[in-house]
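**Q** I have a structure here, written as structure tokens, and I will follow up with some questions on it.
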Amino acid sequence: MTKNYDIAIIGGGIMGCATALHLAQAGMSVILLEKDDIGQGASGVNAGTLSLQIKRVKLMPYALKGHHEWQKMGDKVGFVKTGGYTLAFNEREAKLLEERMNLKREAGANIEFVSPQILHKNEPNITKKIVAVSYCADDGYANSSLTGQYYRNLLNHSSVDYFEQSQIIKIDQSDKGFNVHTANPQYKAKRLLLAGGGWMKQAAALLDIDLPIQARVNTVSVTERSPKLISNVIGHATGLLTMKQKANGSILIGGGWQGTGTPNDGRGKVHSQTVIPNIQLGQYALPALSALRIIRSWTGFEANVPDFYPLAGALGNVPNAYILGCVRGGFTIGPYISKLMGDFILGNELELPLFDPNRQFTQTGK
Amino acid sequence: MSDFDLIVIGAGAAGSRAAMEATKAGAKILLLDEQAEAGGQVWRAKSPSIISAPKTPETIAGDKLRSDLKLENILHIVNARVWQIEKNNDDLWNIGYLNNGHLHNVTCKAIIAATGAQERVIPVTGSQLPGVIGLAAATALFKQHLTTPGKQTIVAGCGPLLIFTAYEILRLGGKVCAIISLNSKTNWAKASIDMMTRPDLLWRGATWFAKITAARIPIYWQSTVTEIIGETHIESVNISAIDANWSATSHGQKNNIKADSLCMGHGLNPAIEATKLADATHIYSPELGGWHVKTDDFGRTDKAGLYAAGDNAGIYGAGAAPYRGKLAAIAALQFLNIGKTQNTDKLVAKMKSAAKFGLATTKLTILRKGMIENTQQTAIICRCEAVSRQQLEAEISSGAHSPNAIKSGTRCGMGPCGGRYCNDVAALINQTISGKTRQQIGLTTSRPPIRPLPISAIAQNFDYDDLPIPAPAPL
């Protein structure tokens, strides 16, 4: 007799792992299936920025809680609270910055506007072509490369059974639960959670559910190591630049510039026509970057639905099936919203509401 | 409309011949090469500061290749480092390269990647000390600069480069303290039989051995370097005899030899960054130097319009490389619908015959399974990020089995070399724990730039207002 798990979780990123650990701790028997490696999708290749200044207003309460979770994870994930500056280089961007940061401040983020003089006192290498600056002392970053290592170690010390390189190819439903097929073994579970990030659309299709999920192909680049050039996380009024210098001296440049490819055909590709302006924008903000070399650029898939709010809750048409993903700012919010998801599955009271995946989607301006 | 019909990456023995063949047929081609002159590693040109030097078979062949190239009037850009290869919306290849501090972008219908090989060194404690270089690196010094690596040099490793390096040091007036050969005399005797296909080269090899013998250089057969000792620079090495699996047999008792330099190499790996980035399928074959791009006899990969010629498609050696270049050009021309179909049976036969010699030399460098046991726990595997064997083993033992996961957790391969030097060794260590085959272990995801790219070249002459900044993220 194969074991009948309380829940099968599809996807071993932050969402899948953190929910698995939460449920296992509460006494559920959990199996987690990951098509590649633990924490190697968006969870492991994003720029690691933990900035309230780039979080969506409605998600701010979740982001604040998320920051707290990362702080607790600490050194093991390379967490550093550095503070963060967001820059506006012209009047149009200054207006945008003011509008956006005021709303985010009202939503609870500790954001203030500072003078270019204060910015340059703390960040002397940032360009002098500054029109406006906002600052958030709570901003920082974690090292996303360590996500896989972090969660694998926790899973190893938990009761969760996890299998990597285990792509699901079929899901049978019955009134007793689910039969999840991989290329080789099958697994039985009473409940099912889809947490496969960019690959979730295909997983949902196995349940005959068509979710309006699209994957963004976010690009990140890293320089060789350098003497200290910046101390804070640096952003741009549009949200299209993130820059930080890691403890080892290398500088990460991100901001969500789009590469090419889809989750169906591999890992996504870096696109010259977007990675170059991304780095140019970084160099405009930090002219001293010109002395360094880019040693690697890469991409990760970020899943989104049309309104850019999370899918987090019970799948309407399939009893005992749940979904968690498509969280804009998923790296920041992931460890927290996964706990909420776990509480929801356990029937516990929720600290903050989840996001009904069966809602009608309306398009949000990109 | 593409800028070129065909772009050839690499102007070594294979790429140069491919470029000439395609030009003769009337294709519009561009030849890109990283070096200041054509010739690749085998026929590397001397530095222009060297006015006169004795002719060697390599310089003669190299000069011939360079003059042939000039006669064909090929658009050949030197000092060109390809950093990016991608398909654009028109199904053309888009190649980004760096030249004289500027970035360039060109499109073409077909690519021949002739990127050659790179050195493999299995590290031991102290491998990262100054004064330690690879065998192939040493031959670059000899060919381009007529320089020896030190005053008293130990030469260690396997395959023909070992003997060639010792011979060249003697020819250039240097001193070789000892030769530490993983191969036995019997290995060499057996290889010589396969090398009969090229009596000229076999004879040259014999003259190298003769010179080494005449100079009374001690040769330690079936031995390996177990440790490199020195504070800030190599001072001496410990060596040991090895068993049939190439595992050192006398870790306890030390045979120490003093030297100020060590040339150590363990064969060549195909240089696959370009074909990996272009998404071609790669396979692992120990007898061809390990991971190489999968091709047929004509260098056709499984990607339309992508061809490979020379050692990056398996280490068949310099003798076969020009034929492989021609064959790849013929296949590419057929794809491009340029020129006439020709009977290629003879050319394929010649290529296969020439490959016999290269395969026999590559065979001497196939690592046996005990070799990786000589790498200590504290030995540095990833030099860029200073990752030791111990750190890798801990990560693998905790369950990280894929190259991407291991890289992510340890930083092995995240430095400026992009994993060129450590990926192979990390996979050998992975095997000892996971028991998987190299094919099962696989490769890391390929990411640009192929070589580090100066931001000074990327952020050149741009106007902030022209940056195509997308619409802001949703509020």
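Labels used: A, B, ... for chains in the order of the structure tokens, numbers from 1 for residues in each chain, and numbers from 1 for ligands as shown.
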Find the residues near Asp68 in chain B: any atom within 10 Å, counting only C-alpha atoms, skip ones fewer than 6 places away on the same chain, and give them as a list in words.

**A**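 Selected residues are Ser16, Arg17, Met20, Gly62 and Ile74 of chain B.
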
**Q** Could you take the residues named above and write them with C-alpha atoms, as a PDB file, in the first residue's frame?

**A**
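Saved as result32.pdb:
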ATOM      1  CA  SER B  16      39.862  29.488 -40.501  1.00  0.00           C
ATOM      2  CA  ARG B  17      39.405  26.648 -42.979  1.00  0.00           C
ATOM      3  CA  MET B  20      37.916  30.065 -46.431  1.00  0.00           C
ATOM      4  CA  GLY B  62      50.401  28.839 -38.671  1.00  0.00           C
ATOM      5  CA  ILE B  74      37.887  37.460 -45.534  1.00  0.00           C
TER       6      ILE B  74
END

**Q** Please identify every residue of chain B that has at least one atom no farther than 9 Å from an atom of chain A, counting only C-alpha atoms, and for each give the shortest atom pair and the distance in Å to one decimal, arranged by chain then increasing number, as JSON lines.

**A**
{"residue": "B:Gln84", "atom": "CA", "partner": "A:Ser272", "partner_atom": "CA", "distance": 7.5}
{"residue": "B:Glu86", "atom": "CA", "partner": "A:His271", "partner_atom": "CA", "distance": 7.6}
{"residue": "B:Gly96", "atom": "CA", "partner": "A:Ser272", "partner_atom": "CA", "distance": 7.9}
{"residue": "B:Glu395", "atom": "CA", "partner": "A:Gln149", "partner_atom": "CA", "distance": 7.9}
{"residue": "B:Ser398", "atom": "CA", "partner": "A:Asn153", "partner_atom": "CA", "distance": 7.0}
{"residue": "B:Gly399", "atom": "CA", "partner": "A:Arg152", "partner_atom": "CA", "distance": 7.4}
{"residue": "B:Ala400", "atom": "CA", "partner": "A:Gln149", "partner_atom": "CA", "distance": 7.7}
{"residue": "B:His401", "atom": "CA", "partner": "A:Asp37", "partner_atom": "CA", "distance": 8.3}
{"residue": "B:Ser402", "atom": "CA", "partner": "A:Asp37", "partner_atom": "CA", "distance": 7.3}
{"residue": "B:Asn404", "atom": "CA", "partner": "A:Gln40", "partner_atom": "CA", "distance": 7.7}
{"residue": "B:Ala405", "atom": "CA", "partner": "A:Asp37", "partner_atom": "CA", "distance": 6.5}
{"residue": "B:Ile406", "atom": "CA", "partner": "A:Gln149", "partner_atom": "CA", "distance": 8.8}
{"residue": "B:Lys407", "atom": "CA", "partner": "A:Ser145", "partner_atom": "CA", "distance": 8.6}
{"residue": "B:Ser408", "atom": "CA", "partner": "A:Ser145", "partner_atom": "CA", "distance": 4.9}
{"residue": "B:Gly409", "atom": "CA", "partner": "A:Leu146", "partner_atom": "CA", "distance": 5.5}
{"residue": "B:Thr410", "atom": "CA", "partner": "A:Leu146", "partner_atom": "CA", "distance": 8.4}
{"residue": "B:Arg411", "atom": "CA", "partner": "A:Ser145", "partner_atom": "CA", "distance": 8.3}
{"residue": "B:Met414", "atom": "CA", "partner": "A:Arg296", "partner_atom": "CA", "distance": 8.1}
{"residue": "B:Gly415", "atom": "CA", "partner": "A:Glu224", "partner_atom": "CA", "distance": 7.2}
{"residue": "B:Pro416", "atom": "CA", "partner": "A:Ile295", "partner_atom": "CA", "distance": 5.5}
{"residue": "B:Cys417", "atom": "CA", "partner": "A:Ile295", "partner_atom": "CA", "distance": 8.1}
{"residue": "B:Gly418", "atom": "CA", "partner": "A:Ile295", "partner_atom": "CA", "distance": 7.4}
{"residue": "B:Thr445", "atom": "CA", "partner": "A:Arg267", "partner_atom": "CA", "distance": 8.0}
{"residue": "B:Ser446", "atom": "CA", "partner": "A:Trp298", "partner_atom": "CA", "distance": 8.8}
{"residue": "B:Arg447", "atom": "CA", "partner": "A:Trp298", "partner_atom": "CA", "distance": 5.9}
{"residue": "B:Pro448", "atom": "CA", "partner": "A:Ser297", "partner_atom": "CA", "distance": 5.7}
{"residue": "B:Pro449", "atom": "CA", "partner": "A:Arg296", "partner_atom": "CA", "distance": 5.8}
{"residue": "B:Ile450", "atom": "CA", "partner": "A:Arg296", "partner_atom": "CA", "distance": 8.3}
{"residue": "B:Arg451", "atom": "CA", "partner": "A:Ile295", "partner_atom": "CA", "distance": 7.1}
{"residue": "B:Pro452", "atom": "CA", "partner": "A:Ile295", "partner_atom": "CA", "distance": 4.6}
{"residue": "B:Leu453", "atom": "CA", "partner": "A:Arg293", "partner_atom": "CA", "distance": 5.0}
{"residue": "B:Pro454", "atom": "CA", "partner": "A:Arg293", "partner_atom": "CA", "distance": 4.0}
{"residue": "B:Ile455", "atom": "CA", "partner": "A:Ser290", "partner_atom": "CA", "distance": 4.9}
{"residue": "B:Ser456", "atom": "CA", "partner": "A:Ser290", "partner_atom": "CA", "distance": 4.4}
{"residue": "B:Ala457", "atom": "CA", "partner": "A:Ser290", "partner_atom": "CA", "distance": 8.0}
{"residue": "B:Ile458", "atom": "CA", "partner": "A:Ile276", "partner_atom": "CA", "distance": 6.4}
{"residue": "B:Ala459", "atom": "CA", "partner": "A:Gln280", "partner_atom": "CA", "distance": 4.9}
{"residue": "B:Gln460", "atom": "CA", "partner": "A:Gln280", "partner_atom": "CA", "distance": 8.2}
{"residue": "B:Phe462", "atom": "CA", "partner": "A:Gln280", "partner_atom": "CA", "distance": 7.7}
{"residue": "B:Tyr464", "atom": "CA", "partner": "A:Tyr284", "partner_atom": "CA", "distance": 7.6}
{"residue": "B:Leu467", "atom": "CA", "partner": "A:Pro277", "partner_atom": "CA", "distance": 6.1}
{"residue": "B:Pro468", "atom": "CA", "partner": "A:Pro277", "partner_atom": "CA", "distance": 7.0}
{"residue": "B:Ile469", "atom": "CA", "partner": "A:Leu240", "partner_atom": "CA", "distance": 7.4}
{"residue": "B:Pro470", "atom": "CA", "partner": "A:Leu240", "partner_atom": "CA", "distance": 7.6}
{"residue": "B:Ala471", "atom": "CA", "partner": "A:Lys366", "partner_atom": "CA", "distance": 6.6}
{"residue": "B:Pro472", "atom": "CA", "partner": "A:Thr238", "partner_atom": "CA", "distance": 4.6}
{"residue": "B:Ala473", "atom": "CA", "partner": "A:Lys366", "partner_atom": "CA", "distance": 5.7}
{"residue": "B:Pro474", "atom": "CA", "partner": "A:Lys366", "partner_atom": "CA", "distance": 5.2}
{"residue": "B:Leu475", "atom": "CA", "partner": "A:Arg56", "partner_atom": "CA", "distance": 5.2}

**Q** Keeping only C-alpha atoms, write those residues as a compact mmCIF listing (two decimals), in the first residue's frame.

**A**
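Full text of part23.txt as output:
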# COMPACT_ATOMS: atom_id res chain seq x y z
CA GLN B 84 26.01 36.73 -26.56
CA GLU B 86 20.52 34.45 -29.41
CA GLY B 96 26.98 40.29 -29.69
CA GLU B 395 26.53 20.64 -0.21
CA SER B 398 22.92 17.53 1.96
CA GLY B 399 21.03 16.69 -1.23
CA ALA B 400 22.09 19.26 -3.83
CA HIS B 401 22.81 17.03 -6.81
CA SER B 402 22.36 19.11 -9.94
CA ASN B 404 22.85 24.43 -10.77
CA ALA B 405 21.91 23.58 -7.19
CA ILE B 406 25.53 23.00 -6.18
CA LYS B 407 26.62 26.25 -7.81
CA SER B 408 23.81 28.13 -6.11
CA GLY B 409 24.58 26.83 -2.65
CA THR B 410 28.38 27.03 -2.73
CA ARG B 411 29.16 29.77 -5.32
CA MET B 414 29.95 31.96 -9.96
CA GLY B 415 33.16 33.93 -10.49
CA PRO B 416 34.65 35.61 -13.56
CA CYS B 417 35.64 32.32 -15.27
CA GLY B 418 32.00 31.26 -15.30
CA THR B 445 22.46 26.51 -17.30
CA SER B 446 24.35 28.58 -19.84
CA ARG B 447 24.24 32.31 -19.26
CA PRO B 448 25.78 35.27 -21.05
CA PRO B 449 28.20 36.93 -21.23
CA ILE B 450 30.46 34.15 -22.50
CA ARG B 451 33.36 36.24 -21.23
CA PRO B 452 33.21 39.07 -18.66
CA LEU B 453 31.87 42.19 -20.31
CA PRO B 454 33.15 45.66 -19.34
CA ILE B 455 30.33 47.99 -18.31
CA SER B 456 32.38 50.79 -19.90
CA ALA B 457 31.53 49.15 -23.24
CA ILE B 458 27.86 48.57 -22.37
CA ALA B 459 27.18 52.05 -21.01
CA GLN B 460 28.79 54.00 -23.82
CA PHE B 462 23.72 56.52 -24.38
CA TYR B 464 19.17 58.81 -20.59
CA LEU B 467 16.60 54.45 -22.58
CA PRO B 468 13.59 52.24 -23.41
CA ILE B 469 12.39 52.19 -19.82
CA PRO B 470 9.16 50.17 -19.73
CA ALA B 471 6.00 51.41 -18.02
CA PRO B 472 6.27 51.36 -14.22
CA ALA B 473 5.22 48.27 -12.32
CA PRO B 474 1.56 48.29 -11.16
CA LEU B 475 1.03 50.33 -8.03

**Q** Go through A:Leu64, A:Ile171, A:Ala47, A:Leu52 and flag the residue nearest Tyr336 in chain A, using only C-alpha atoms for the distances.

**A**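 Looking at the shortest contact to Tyr336 in chain A, the residue is A:Leu64.
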
**Q** Within range 167-331 of chain B, find each residue whose DSSP state, derived from the backbone, is helix (DSSP H, G or I), and express the selection as a PyMOL selection string.

**A** chain B and resi 167-171+185-197+199-214+273-277+286-288+311-313+321-331

**Q** Considering only C-alpha atoms, can you say which of B:Asp279, B:Asp345, B:Asp466, B:Asp243 comes closest to Asp297 in chain B?

**A**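 Distance minimum relative to Asp297 in chain B lands on B:Asp345.
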
**Q** Pull the strand (DSSP E or B) assignments for range 134-369 of chain B out of DSSP run on the backbone, and list those residues as a ChimeraX atom specification.

**A** /B:152-157,175-181,219-220,223-229,236-242,248,255-258,261-265,268-270,282-285,290-293,300,306-308

**Q** For C-alpha atoms, I'd like the residues from the last selection saved as a short mmCIF file (atom, residue, chain, number, x, y, z; two decimals), in the first residue's frame.

**A**
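And here is the file that came out, result.cif:
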data_model
loop_
_atom_site.label_atom_id
_atom_site.label_comp_id
_atom_site.auth_asym_id
_atom_site.auth_seq_id
_atom_site.Cartn_x
_atom_site.Cartn_y
_atom_site.Cartn_z
CA GLN B 152 63.36 25.50 -12.49
CA THR B 153 60.21 23.87 -13.71
CA ILE B 154 58.42 20.62 -12.93
CA VAL B 155 56.18 19.34 -15.68
CA ALA B 156 53.30 17.11 -14.59
CA GLY B 157 50.16 15.50 -15.93
CA LYS B 175 65.56 23.91 -16.84
CA VAL B 176 63.19 21.01 -16.27
CA CYS B 177 63.64 19.48 -12.80
CA ALA B 178 61.40 16.49 -13.36
CA ILE B 179 58.59 15.10 -15.44
CA ILE B 180 55.75 13.54 -13.46
CA SER B 181 53.72 11.39 -15.84
CA ILE B 219 60.89 11.05 -15.59
CA TYR B 220 58.61 9.63 -12.91
CA SER B 223 53.22 9.16 -10.80
CA THR B 224 51.30 12.23 -9.79
CA VAL B 225 51.73 15.50 -7.92
CA THR B 226 49.97 15.10 -4.58
CA GLU B 227 50.66 18.49 -3.03
CA ILE B 228 52.13 21.84 -4.03
CA ILE B 229 54.02 23.52 -1.23
CA SER B 236 58.33 22.42 -4.04
CA VAL B 237 55.95 19.61 -4.87
CA ASN B 238 55.27 16.22 -3.32
CA ILE B 239 54.82 13.37 -5.72
CA SER B 240 53.66 9.80 -5.41
CA ALA B 241 53.40 6.68 -7.50
CA ILE B 242 49.86 5.82 -8.61
CA ALA B 248 48.27 7.97 -5.32
CA ASN B 255 58.98 12.40 -2.26
CA ASN B 256 59.62 16.13 -2.41
CA ILE B 257 61.09 17.98 -5.40
CA LYS B 258 62.06 21.64 -5.28
CA SER B 261 57.33 26.64 -11.25
CA LEU B 262 55.00 23.80 -12.14
CA CYS B 263 53.25 23.17 -15.42
CA MET B 264 50.41 20.75 -14.73
CA GLY B 265 47.58 19.66 -17.00
CA LEU B 268 41.64 19.18 -22.70
CA ASN B 269 37.91 19.82 -22.47
CA PRO B 270 35.95 21.03 -25.48
CA HIS B 282 25.70 18.38 -25.67
CA ILE B 283 26.88 14.90 -24.76
CA TYR B 284 29.54 13.47 -22.52
CA SER B 285 32.18 11.20 -24.03
CA GLY B 290 34.20 15.07 -21.91
CA TRP B 291 31.21 17.34 -22.61
CA HIS B 292 31.08 18.41 -26.25
CA VAL B 293 28.45 19.66 -28.65
CA ARG B 300 25.56 19.78 -37.81
CA LEU B 306 24.21 26.05 -35.96
CA TYR B 307 27.34 24.10 -36.85
CA ALA B 308 30.43 23.23 -34.87
#

**Q** Nearest to Thr2 in chain A: which of A:Ala137, A:Leu87, A:Ala189, A:Met15 is it, counting only C-alpha atoms?

**A**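 For Thr2 in chain A, the nearest of the candidates is A:Ala189.
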
**Q** Report, in Å with one decimal, the straight-line distance from CA of Gly78 in chain A to CA of Ala142 in chain A.

**A**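 Between CA of Gly78 in chain A and CA of Ala142 in chain A the gap is 4.9 Å.
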
**Q** What does the structure give for the distance between CA of Gln202 in chain A and CA of Pro357 in chain A, in Å to one decimal?

**A**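 Computing it gives 15.7 Å between the two atoms.
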
**Q** Rank nothing, just name the residue among B:Asn88, B:Ala386, B:Ala318, B:Gln377 nearest to Gly261 in chain A, using only C-alpha atoms.

**A** B:Asn88

**Q** Counting only C-alpha atoms, what is within 12 Å of Ala38 in chain B, bar same-chain residues fewer than 4 positions away, as a ChimeraX atom specification?

**A** /B:9-17,19,31-34,42-46,59,61-70,74,76-80

**Q** Keeping N, CA and C atoms, export the residues of the selection given above as a short mmCIF file (atom, residue, chain, number, x, y, z; two decimals), in the first residue's frame.

**A**
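Once written, selection10.cif looks like this:
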data_model
loop_
_atom_site.label_atom_id
_atom_site.label_comp_id
_atom_site.auth_asym_id
_atom_site.auth_seq_id
_atom_site.Cartn_x
_atom_site.Cartn_y
_atom_site.Cartn_z
N ILE B 9 32.89 31.59 -35.54
CA ILE B 9 33.46 32.02 -34.26
C ILE B 9 34.71 31.20 -33.98
N GLY B 10 35.85 31.85 -34.04
CA GLY B 10 37.11 31.17 -33.79
C GLY B 10 37.91 31.01 -35.08
N ALA B 11 39.12 31.55 -35.09
CA ALA B 11 39.97 31.49 -36.29
C ALA B 11 41.15 30.56 -36.06
N GLY B 12 40.88 29.41 -35.46
CA GLY B 12 41.92 28.41 -35.31
C GLY B 12 41.96 27.51 -36.53
N ALA B 13 42.49 26.33 -36.33
CA ALA B 13 42.67 25.40 -37.44
C ALA B 13 41.35 25.08 -38.13
N ALA B 14 40.27 24.90 -37.35
CA ALA B 14 38.99 24.53 -37.94
C ALA B 14 38.26 25.76 -38.49
N GLY B 15 38.14 26.81 -37.66
CA GLY B 15 37.36 27.99 -38.05
C GLY B 15 37.92 28.68 -39.28
N SER B 16 39.25 28.81 -39.36
CA SER B 16 39.86 29.49 -40.50
C SER B 16 39.54 28.76 -41.79
N ARG B 17 39.67 27.42 -41.76
CA ARG B 17 39.40 26.65 -42.98
C ARG B 17 37.93 26.73 -43.36
N ALA B 19 35.98 29.24 -42.78
CA ALA B 19 35.76 30.58 -43.33
C ALA B 19 36.24 30.65 -44.78
N LEU B 31 34.37 36.43 -39.85
CA LEU B 31 35.17 35.56 -38.99
C LEU B 31 35.57 36.36 -37.75
N LEU B 32 35.11 35.87 -36.59
CA LEU B 32 35.40 36.56 -35.33
C LEU B 32 36.40 35.74 -34.53
N ASP B 33 37.43 36.39 -34.02
CA ASP B 33 38.38 35.65 -33.19
C ASP B 33 38.85 36.49 -32.02
N GLU B 34 39.02 35.80 -30.91
CA GLU B 34 39.39 36.43 -29.66
C GLU B 34 40.84 36.92 -29.66
N VAL B 42 46.90 25.94 -31.34
CA VAL B 42 47.95 25.08 -31.91
C VAL B 42 48.90 25.90 -32.79
N TRP B 43 48.30 26.79 -33.58
CA TRP B 43 49.13 27.59 -34.48
C TRP B 43 49.18 29.06 -34.04
N ARG B 44 49.25 29.25 -32.76
CA ARG B 44 49.29 30.59 -32.16
C ARG B 44 50.45 31.41 -32.74
N ALA B 45 50.15 32.65 -33.08
CA ALA B 45 51.19 33.52 -33.67
C ALA B 45 52.10 34.09 -32.60
N LYS B 46 53.33 34.37 -32.99
CA LYS B 46 54.28 35.00 -32.06
C LYS B 46 53.88 36.45 -31.83
N THR B 59 54.92 27.09 -36.25
CA THR B 59 54.95 28.45 -36.80
C THR B 59 54.81 28.41 -38.32
N ALA B 61 53.19 26.10 -40.16
CA ALA B 61 51.79 25.81 -40.49
C ALA B 61 50.92 27.02 -40.19
N GLY B 62 51.19 27.67 -39.07
CA GLY B 62 50.40 28.84 -38.67
C GLY B 62 50.56 29.98 -39.66
N ASP B 63 51.80 30.23 -40.09
CA ASP B 63 52.03 31.32 -41.04
C ASP B 63 51.32 31.04 -42.36
N LYS B 64 51.34 29.78 -42.76
CA LYS B 64 50.65 29.39 -44.00
C LYS B 64 49.15 29.68 -43.88
N LEU B 65 48.58 29.29 -42.74
CA LEU B 65 47.15 29.53 -42.51
C LEU B 65 46.85 31.02 -42.56
N ARG B 66 47.69 31.81 -41.91
CA ARG B 66 47.45 33.26 -41.85
C ARG B 66 47.56 33.90 -43.24
N SER B 67 48.53 33.43 -44.03
CA SER B 67 48.65 34.03 -45.36
C SER B 67 47.51 33.55 -46.27
N ASP B 68 47.09 32.30 -46.13
CA ASP B 68 45.93 31.82 -46.90
C ASP B 68 44.69 32.65 -46.59
N LEU B 69 44.50 32.93 -45.30
CA LEU B 69 43.33 33.71 -44.88
C LEU B 69 43.34 35.08 -45.53
N LYS B 70 44.54 35.70 -45.54
CA LYS B 70 44.66 37.04 -46.12
C LYS B 70 44.33 37.02 -47.60
N ILE B 74 39.01 37.73 -46.45
CA ILE B 74 37.89 37.46 -45.53
C ILE B 74 37.74 38.60 -44.54
N HIS B 76 37.71 39.52 -41.32
CA HIS B 76 38.19 38.81 -40.13
C HIS B 76 38.44 39.86 -39.05
N ILE B 77 37.65 39.80 -37.99
CA ILE B 77 37.83 40.78 -36.92
C ILE B 77 38.58 40.10 -35.77
N VAL B 78 39.75 40.64 -35.47
CA VAL B 78 40.57 40.07 -34.39
C VAL B 78 40.20 40.78 -33.08
N ASN B 79 40.68 40.24 -31.98
CA ASN B 79 40.37 40.78 -30.66
C ASN B 79 38.86 40.95 -30.46
N ALA B 80 38.12 40.03 -31.02
CA ALA B 80 36.66 40.11 -30.92
C ALA B 80 36.18 39.02 -29.97
#

**Q** Between CA of Asp161 in chain A and CA of Gly198 in chain A, what is the distance, to one decimal in Å?

**A**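 CA of Asp161 in chain A sits 22.8 Å away from CA of Gly198 in chain A.
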
**Q** Nearest to Glu393 in chain B: which of B:Leu428, B:Lys356, B:Lys369, B:Ala349 is it, counting only C-alpha atoms?

**A**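 Among B:Leu428, B:Lys356, B:Lys369, B:Ala349, it is B:Leu428 that comes nearest to Glu393 in chain B.
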
**Q** List as a ChimeraX atom specification the protein and nucleic acid residues near Arg171 in chain B, meaning an atom at most 12 Å away when only C-alpha atoms are counted, but skip any in the same chain fewer than 5 places from it.

**A** /B:53-54,56,142-143,146-148,164-166,176,207-208,211-212,215

**Q** Those residues with N, CA and C atoms, as an mmCIF file, in the first residue's frame please?

**A**
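Below is the file that was written, again_33.cif:
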data_model
loop_
_atom_site.group_PDB
_atom_site.id
_atom_site.type_symbol
_atom_site.label_atom_id
_atom_site.label_comp_id
_atom_site.auth_asym_id
_atom_site.auth_seq_id
_atom_site.Cartn_x
_atom_site.Cartn_y
_atom_site.Cartn_z
ATOM 1 N N ALA B 53 62.792 34.364 -34.775
ATOM 2 C CA ALA B 53 62.869 33.180 -33.920
ATOM 3 C C ALA B 53 62.967 31.979 -34.835
ATOM 4 N N PRO B 54 63.536 30.885 -34.327
ATOM 5 C CA PRO B 54 63.633 29.705 -35.171
ATOM 6 C C PRO B 54 62.242 29.227 -35.595
ATOM 7 N N THR B 56 59.400 26.633 -36.277
ATOM 8 C CA THR B 56 59.014 25.301 -35.813
ATOM 9 C C THR B 56 57.893 24.831 -36.744
ATOM 10 N N PHE B 142 55.160 29.717 -24.666
ATOM 11 C CA PHE B 142 56.260 29.374 -25.580
ATOM 12 C C PHE B 142 56.001 29.957 -26.966
ATOM 13 N N LYS B 143 54.767 29.699 -27.448
ATOM 14 C CA LYS B 143 54.483 30.041 -28.848
ATOM 15 C C LYS B 143 54.381 31.542 -29.067
ATOM 16 N N LEU B 146 57.871 33.172 -26.459
ATOM 17 C CA LEU B 146 59.161 32.476 -26.321
ATOM 18 C C LEU B 146 59.690 32.583 -24.894
ATOM 19 N N THR B 147 58.784 32.468 -23.950
ATOM 20 C CA THR B 147 59.136 32.622 -22.539
ATOM 21 C C THR B 147 58.966 31.286 -21.817
ATOM 22 N N THR B 148 59.813 31.042 -20.828
ATOM 23 C CA THR B 148 59.627 29.846 -19.996
ATOM 24 C C THR B 148 58.887 30.248 -18.715
ATOM 25 N N PHE B 164 55.640 17.620 -24.802
ATOM 26 C CA PHE B 164 55.885 18.812 -25.614
ATOM 27 C C PHE B 164 56.342 19.975 -24.728
ATOM 28 N N THR B 165 55.685 20.145 -23.581
ATOM 29 C CA THR B 165 56.031 21.244 -22.680
ATOM 30 C C THR B 165 57.466 21.101 -22.178
ATOM 31 N N ALA B 166 57.835 19.889 -21.761
ATOM 32 C CA ALA B 166 59.205 19.664 -21.272
ATOM 33 C C ALA B 166 60.209 19.960 -22.382
ATOM 34 N N VAL B 176 64.282 21.863 -16.727
ATOM 35 C CA VAL B 176 63.191 21.005 -16.268
ATOM 36 C C VAL B 176 63.736 20.124 -15.142
ATOM 37 N N THR B 207 61.586 12.687 -31.240
ATOM 38 C CA THR B 207 62.693 13.643 -31.060
ATOM 39 C C THR B 207 62.554 14.389 -29.738
ATOM 40 N N TRP B 208 61.280 14.649 -29.310
ATOM 41 C CA TRP B 208 61.097 15.293 -27.999
ATOM 42 C C TRP B 208 61.644 14.384 -26.899
ATOM 43 N N LYS B 211 65.429 14.377 -26.854
ATOM 44 C CA LYS B 211 66.025 15.575 -26.256
ATOM 45 C C LYS B 211 65.916 15.515 -24.726
ATOM 46 N N ILE B 212 64.761 15.048 -24.244
ATOM 47 C CA ILE B 212 64.545 14.953 -22.793
ATOM 48 C C ILE B 212 65.509 13.930 -22.185
ATOM 49 N N ALA B 215 69.042 15.256 -22.058
ATOM 50 C CA ALA B 215 69.233 16.254 -20.994
ATOM 51 C C ALA B 215 69.164 15.618 -19.608
#

**Q** Tell me which of A:Val233, A:Val77, A:Ile209, A:Leu154 sits closest to Asp138 in chain A, counting only C-alpha atoms.

**A**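 Ranked by minimum distance to Asp138 in chain A, first place goes to A:Val233.
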
**Q** So that I can see what lies close to Met28 in chain A, please list as a PyMOL selection string the residues with an atom at most 9 Å from it, counting only C-alpha atoms and leaving out residues fewer than 5 positions away in the same chain.

**A** chain A and resi 5-7+20+23+159-160+346
